[in-house]
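First up is the structure itself, then whatever we jot down about it.
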Amino acid sequence: TQIAGLSGRLQRMVSQTRSMEIITTNSEAEALLLEAQLIKRFRPPFNVLLRDDKSFPFILLRADHAFPRIQKHRGARRAKGNYYGPFASAGSVNTTLNALQKLFLLRSCTDSYFNNRDRPCL
């Protein structure tokens, strides 16, 4: 609100602001996930680039095989299949994967391991 005390970069950013939307979330983790999704969707020009190169984990159910594989996935979503997430914690993804594999008997082994077996690795 006091533009004169801001740096030149922040003054320029405030002068280019046309509207502001405030979104409330139930937790900090939810706010962090929402912020990451909004940054990826809108690519704001004044966003600070994070240098740690980390992304949130997803659960990927592969769709390019007769026996679908379920796995944890980070990064670009190029593989064919259904993505669920993002999750704030890799530990919660691992716990969810273990529960899903016990309930639905989905394949968890890699394609190379699967191809060298006589029986499916369920």
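Ligands are numbered from 1 in the order shown, chains are lettered A, B, ... in the order of the structure tokens, and residues start at 1 in each chain.
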Can you pull out the residues contacting Arg69 (chain A)? Cut-off 6 Å, using only C-alpha atoms, and skip same-chain residues under 4 positions away; I want them as a PDB file with N, CA, C and O atoms, in the first residue's frame.
ATOM      1  N   LEU A  61      -1.037 -44.483 -12.545  1.00  0.00           N
ATOM      2  CA  LEU A  61      -1.530 -45.808 -12.928  1.00  0.00           C
ATOM      3  C   LEU A  61      -1.306 -45.926 -14.422  1.00  0.00           C
ATOM      4  O   LEU A  61      -2.000 -45.308 -15.220  1.00  0.00           O
ATOM      5  N   ARG A  62      -0.272 -46.692 -14.807  1.00  0.00           N
ATOM      6  CA  ARG A  62       0.116 -46.810 -16.212  1.00  0.00           C
ATOM      7  C   ARG A  62      -1.000 -47.444 -17.018  1.00  0.00           C
ATOM      8  O   ARG A  62      -1.650 -48.374 -16.573  1.00  0.00           O
ATOM      9  N   ARG A 107       0.141 -54.353 -10.470  1.00  0.00           N
ATOM     10  CA  ARG A 107       1.562 -54.633 -10.700  1.00  0.00           C
ATOM     11  C   ARG A 107       2.417 -53.517 -10.136  1.00  0.00           C
ATOM     12  O   ARG A 107       2.145 -52.336 -10.347  1.00  0.00           O
ATOM     13  N   SER A 108       3.493 -53.878  -9.443  1.00  0.00           N
ATOM     14  CA  SER A 108       4.410 -52.879  -8.900  1.00  0.00           C
ATOM     15  C   SER A 108       5.824 -53.013  -9.462  1.00  0.00           C
ATOM     16  O   SER A 108       6.643 -52.122  -9.291  1.00  0.00           O
TER      17      SER A 108
END
Non-local contacts of Gln71 (chain A) (12 Å; only C-alpha atoms; under 6 positions in same chain excluded) as a PyMOL selection string: chain A and resi 57-63+79+81-84+90+93-98+100-101+106-111
Emit the selected residues as a JSON list (two decimals), in the first residue's frame, including N, CA and C atoms.
[["chain", "number", "residue", "atom", "x", "y", "z"],
["A", 57, "PRO", "N", 4.97, -35.17, -5.73],
["A", 57, "PRO", "CA", 4.76, -36.53, -6.25],
["A", 57, "PRO", "C", 3.29, -36.77, -6.61],
["A", 58, "PHE", "N", 3.09, -37.57, -7.63],
["A", 58, "PHE", "CA", 1.78, -38.03, -8.07],
["A", 58, "PHE", "C", 1.78, -39.55, -7.98],
["A", 59, "ILE", "N", 0.61, -40.14, -8.00],
["A", 59, "ILE", "CA", 0.47, -41.58, -8.18],
["A", 59, "ILE", "C", 0.07, -41.79, -9.64],
["A", 60, "LEU", "N", 0.82, -42.62, -10.32],
["A", 60, "LEU", "CA", 0.58, -42.89, -11.74],
["A", 60, "LEU", "C", 0.11, -44.32, -11.91],
["A", 61, "LEU", "N", -1.04, -44.48, -12.55],
["A", 61, "LEU", "CA", -1.53, -45.81, -12.93],
["A", 61, "LEU", "C", -1.31, -45.93, -14.42],
["A", 62, "ARG", "N", -0.27, -46.69, -14.81],
["A", 62, "ARG", "CA", 0.12, -46.81, -16.21],
["A", 62, "ARG", "C", -1.00, -47.44, -17.02],
["A", 63, "ALA", "N", -1.20, -46.96, -18.24],
["A", 63, "ALA", "CA", -2.26, -47.48, -19.10],
["A", 63, "ALA", "C", -1.72, -48.08, -20.39],
["A", 79, "ALA", "N", 4.03, -39.94, -19.56],
["A", 79, "ALA", "CA", 3.61, -41.34, -19.69],
["A", 79, "ALA", "C", 2.09, -41.43, -19.79],
["A", 81, "GLY", "N", -1.42, -42.71, -18.95],
["A", 81, "GLY", "CA", -2.03, -43.27, -17.76],
["A", 81, "GLY", "C", -2.78, -42.21, -16.98],
["A", 82, "ASN", "N", -3.27, -42.61, -15.83],
["A", 82, "ASN", "CA", -4.01, -41.71, -14.95],
["A", 82, "ASN", "C", -3.11, -41.23, -13.83],
["A", 83, "TYR", "N", -3.09, -39.92, -13.63],
["A", 83, "TYR", "CA", -2.30, -39.30, -12.57],
["A", 83, "TYR", "C", -3.22, -38.85, -11.46],
["A", 84, "TYR", "N", -2.85, -39.16, -10.22],
["A", 84, "TYR", "CA", -3.63, -38.76, -9.06],
["A", 84, "TYR", "C", -2.72, -37.97, -8.13],
["A", 90, "ALA", "N", 5.86, -37.31, 0.18],
["A", 90, "ALA", "CA", 6.23, -38.55, -0.51],
["A", 90, "ALA", "C", 5.91, -39.75, 0.37],
["A", 93, "VAL", "N", 2.41, -40.77, -0.21],
["A", 93, "VAL", "CA", 2.29, -41.47, -1.49],
["A", 93, "VAL", "C", 2.69, -42.94, -1.31],
["A", 94, "ASN", "N", 3.79, -43.18, -0.62],
["A", 94, "ASN", "CA", 4.24, -44.56, -0.39],
["A", 94, "ASN", "C", 3.21, -45.36, 0.41],
["A", 95, "THR", "N", 2.64, -44.74, 1.43],
["A", 95, "THR", "CA", 1.62, -45.41, 2.24],
["A", 95, "THR", "C", 0.39, -45.73, 1.39],
["A", 96, "THR", "N", -0.02, -44.77, 0.57],
["A", 96, "THR", "CA", -1.18, -44.97, -0.31],
["A", 96, "THR", "C", -0.90, -46.06, -1.34],
["A", 97, "LEU", "N", 0.31, -46.07, -1.91],
["A", 97, "LEU", "CA", 0.67, -47.11, -2.88],
["A", 97, "LEU", "C", 0.62, -48.50, -2.26],
["A", 98, "ASN", "N", 1.15, -48.63, -1.05],
["A", 98, "ASN", "CA", 1.12, -49.93, -0.37],
["A", 98, "ASN", "C", -0.31, -50.40, -0.15],
["A", 100, "LEU", "N", -3.04, -49.48, -1.86],
["A", 100, "LEU", "CA", -3.65, -49.77, -3.16],
["A", 100, "LEU", "C", -3.19, -51.12, -3.72],
["A", 101, "GLN", "N", -1.89, -51.41, -3.56],
["A", 101, "GLN", "CA", -1.37, -52.68, -4.07],
["A", 101, "GLN", "C", -1.94, -53.87, -3.31],
["A", 106, "LEU", "N", -2.42, -54.66, -7.99],
["A", 106, "LEU", "CA", -1.85, -54.05, -9.19],
["A", 106, "LEU", "C", -0.36, -54.34, -9.28],
["A", 107, "ARG", "N", 0.14, -54.35, -10.47],
["A", 107, "ARG", "CA", 1.56, -54.63, -10.70],
["A", 107, "ARG", "C", 2.42, -53.52, -10.14],
["A", 108, "SER", "N", 3.49, -53.88, -9.44],
["A", 108, "SER", "CA", 4.41, -52.88, -8.90],
["A", 108, "SER", "C", 5.82, -53.01, -9.46],
["A", 109, "CYS", "N", 6.11, -54.12, -10.15],
["A", 109, "CYS", "CA", 7.46, -54.32, -10.66],
["A", 109, "CYS", "C", 7.66, -53.60, -12.00],
["A", 110, "THR", "N", 8.92, -53.39, -12.36],
["A", 110, "THR", "CA", 9.25, -52.69, -13.60],
["A", 110, "THR", "C", 8.94, -53.57, -14.81],
["A", 111, "ASP", "N", 8.89, -52.94, -15.97],
["A", 111, "ASP", "CA", 8.61, -53.69, -17.20],
["A", 111, "ASP", "C", 9.67, -54.73, -17.48]]
All residues 12 Å or closer to Pro45 (chain A), only C-alpha atoms, same chain fewer than 5 positions away omitted, as a list in words: Arg9, Arg12, Met13, Gln16, Thr17, Ile39 and Lys40 of chain A
Given the selection you just returned, output its residues as a file containing N, CA and C atoms, formatted as a PDB file, in the first residue's frame.
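File produced: again_30.pdb:
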ATOM      1  N   ARG A   9      11.602  -3.067  -8.643  1.00  0.00           N
ATOM      2  CA  ARG A   9      10.946  -4.261  -9.171  1.00  0.00           C
ATOM      3  C   ARG A   9       9.548  -4.414  -8.578  1.00  0.00           C
ATOM      4  N   ARG A  12       7.112  -1.739  -9.917  1.00  0.00           N
ATOM      5  CA  ARG A  12       6.630  -2.102 -11.254  1.00  0.00           C
ATOM      6  C   ARG A  12       5.562  -3.196 -11.177  1.00  0.00           C
ATOM      7  N   MET A  13       5.769  -4.161 -10.299  1.00  0.00           N
ATOM      8  CA  MET A  13       4.812  -5.243 -10.142  1.00  0.00           C
ATOM      9  C   MET A  13       3.475  -4.698  -9.622  1.00  0.00           C
ATOM     10  N   GLN A  16       1.461  -2.817 -12.257  1.00  0.00           N
ATOM     11  CA  GLN A  16       0.857  -3.649 -13.298  1.00  0.00           C
ATOM     12  C   GLN A  16      -0.267  -4.547 -12.771  1.00  0.00           C
ATOM     13  N   THR A  17      -0.543  -4.486 -11.484  1.00  0.00           N
ATOM     14  CA  THR A  17      -1.612  -5.295 -10.900  1.00  0.00           C
ATOM     15  C   THR A  17      -2.964  -4.709 -11.272  1.00  0.00           C
ATOM     16  N   ILE A  39       0.794 -21.480 -10.163  1.00  0.00           N
ATOM     17  CA  ILE A  39       2.015 -21.006 -10.825  1.00  0.00           C
ATOM     18  C   ILE A  39       2.225 -21.770 -12.126  1.00  0.00           C
ATOM     19  N   LYS A  40       2.015 -23.086 -12.108  1.00  0.00           N
ATOM     20  CA  LYS A  40       2.186 -23.877 -13.328  1.00  0.00           C
ATOM     21  C   LYS A  40       1.147 -23.520 -14.380  1.00  0.00           C
TER      22      LYS A  40
END
Interatomic distance (Å, one decimal) between CA of Leu34 (chain A) and CA of Pro86 (chain A):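 So the answer is 9.6 Å.
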If we count only C-alpha atoms, what is near region 21-32 of chain A at a cut-off of 9 Å, once residues fewer than 4 positions away on the same chain are taken out, given as a short mmCIF file (atom, residue, chain, number, x, y, z; two decimals) with C-alpha atoms, in the first residue's frame?
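Resulting contents of out04.cif:
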data_model
loop_
_atom_site.label_atom_id
_atom_site.label_comp_id
_atom_site.auth_asym_id
_atom_site.auth_seq_id
_atom_site.Cartn_x
_atom_site.Cartn_y
_atom_site.Cartn_z
CA ALA A 36 2.22 -24.68 -7.14
CA GLN A 37 -0.76 -25.54 -9.37
CA ALA A 88 2.42 -32.84 -0.29
#
Residues flagged alpha helix (DSSP H) by DSSP in chain A, as a PyMOL selection string: chain A and resi 8-15+28-42+90-104+111-115
Since we have the selection now, will you write its residues out, keeping C-alpha atoms, as a PDB file, in the first residue's frame?
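This went into selection_23.pdb:
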ATOM      1  CA  GLY A   8      11.868  -0.689  -8.284  1.00  0.00           C
ATOM      2  CA  ARG A   9      10.946  -4.261  -9.171  1.00  0.00           C
ATOM      3  CA  LEU A  10       8.124  -4.346  -6.612  1.00  0.00           C
ATOM      4  CA  GLN A  11       6.888  -0.886  -7.651  1.00  0.00           C
ATOM      5  CA  ARG A  12       6.630  -2.102 -11.254  1.00  0.00           C
ATOM      6  CA  MET A  13       4.812  -5.243 -10.142  1.00  0.00           C
ATOM      7  CA  VAL A  14       2.283  -3.257  -8.075  1.00  0.00           C
ATOM      8  CA  SER A  15       1.698  -0.783 -10.908  1.00  0.00           C
ATOM      9  CA  GLU A  28      -0.606 -24.828   4.859  1.00  0.00           C
ATOM     10  CA  ALA A  29      -0.027 -27.993   2.834  1.00  0.00           C
ATOM     11  CA  GLU A  30      -3.178 -27.346   0.818  1.00  0.00           C
ATOM     12  CA  ALA A  31      -2.084 -23.737   0.265  1.00  0.00           C
ATOM     13  CA  LEU A  32       1.338 -24.882  -0.949  1.00  0.00           C
ATOM     14  CA  LEU A  33      -0.187 -27.350  -3.411  1.00  0.00           C
ATOM     15  CA  LEU A  34      -2.650 -24.744  -4.674  1.00  0.00           C
ATOM     16  CA  GLU A  35       0.133 -22.194  -5.128  1.00  0.00           C
ATOM     17  CA  ALA A  36       2.217 -24.678  -7.138  1.00  0.00           C
ATOM     18  CA  GLN A  37      -0.756 -25.541  -9.374  1.00  0.00           C
ATOM     19  CA  LEU A  38      -1.609 -21.864  -9.986  1.00  0.00           C
ATOM     20  CA  ILE A  39       2.015 -21.006 -10.825  1.00  0.00           C
ATOM     21  CA  LYS A  40       2.186 -23.877 -13.328  1.00  0.00           C
ATOM     22  CA  ARG A  41      -1.154 -22.940 -14.886  1.00  0.00           C
ATOM     23  CA  PHE A  42      -0.752 -19.154 -15.176  1.00  0.00           C
ATOM     24  CA  ALA A  90       6.232 -38.549  -0.505  1.00  0.00           C
ATOM     25  CA  GLY A  91       5.633 -40.658   2.606  1.00  0.00           C
ATOM     26  CA  SER A  92       1.878 -40.367   2.143  1.00  0.00           C
ATOM     27  CA  VAL A  93       2.288 -41.473  -1.492  1.00  0.00           C
ATOM     28  CA  ASN A  94       4.239 -44.560  -0.392  1.00  0.00           C
ATOM     29  CA  THR A  95       1.615 -45.412   2.236  1.00  0.00           C
ATOM     30  CA  THR A  96      -1.183 -44.970  -0.307  1.00  0.00           C
ATOM     31  CA  LEU A  97       0.668 -47.111  -2.885  1.00  0.00           C
ATOM     32  CA  ASN A  98       1.119 -49.930  -0.367  1.00  0.00           C
ATOM     33  CA  ALA A  99      -2.585 -49.858   0.506  1.00  0.00           C
ATOM     34  CA  LEU A 100      -3.655 -49.775  -3.158  1.00  0.00           C
ATOM     35  CA  GLN A 101      -1.367 -52.677  -4.069  1.00  0.00           C
ATOM     36  CA  LYS A 102      -2.787 -54.799  -1.232  1.00  0.00           C
ATOM     37  CA  LEU A 103      -6.392 -53.975  -2.115  1.00  0.00           C
ATOM     38  CA  PHE A 104      -6.319 -54.182  -5.895  1.00  0.00           C
ATOM     39  CA  ASP A 111       8.606 -53.687 -17.201  1.00  0.00           C
ATOM     40  CA  SER A 112      12.020 -55.363 -17.566  1.00  0.00           C
ATOM     41  CA  TYR A 113      11.494 -57.451 -14.426  1.00  0.00           C
ATOM     42  CA  PHE A 114       7.941 -58.300 -15.505  1.00  0.00           C
ATOM     43  CA  ASN A 115       9.049 -59.457 -18.985  1.00  0.00           C
TER      44      ASN A 115
END
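Considering the residues A:Asn116, A:Ser55, A:Gln2, A:Ser7 and counting only C-alpha atoms, Gly75 (chain A) has its shortest atom-to-atom contact with A:Ser55.
Among the candidate residues A:Phe56, A:Arg77, A:His65, A:Arg18, the one lying nearest to Ser89 (chain A) is A:Phe56, with distances computed using only C-alpha atoms.
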Distance of CA of Phe67 (chain A) from CA of Cys121 (chain A), expressed in Å to one decimal place: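 Between these atoms lies a distance of 9.5 Å.
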Residue with smallest distance to Arg78 (chain A) - pool A:Leu105, A:Met20, A:Asp64, A:Ala4, counting only C-alpha atoms: A:Asp64
Distance of CA of Lys80 (chain A) from CA of Pro68 (chain A), expressed in Å to one decimal place: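 Separating CA of Pro68 (chain A) from CA of Lys80 (chain A) is a distance of 10.7 Å.
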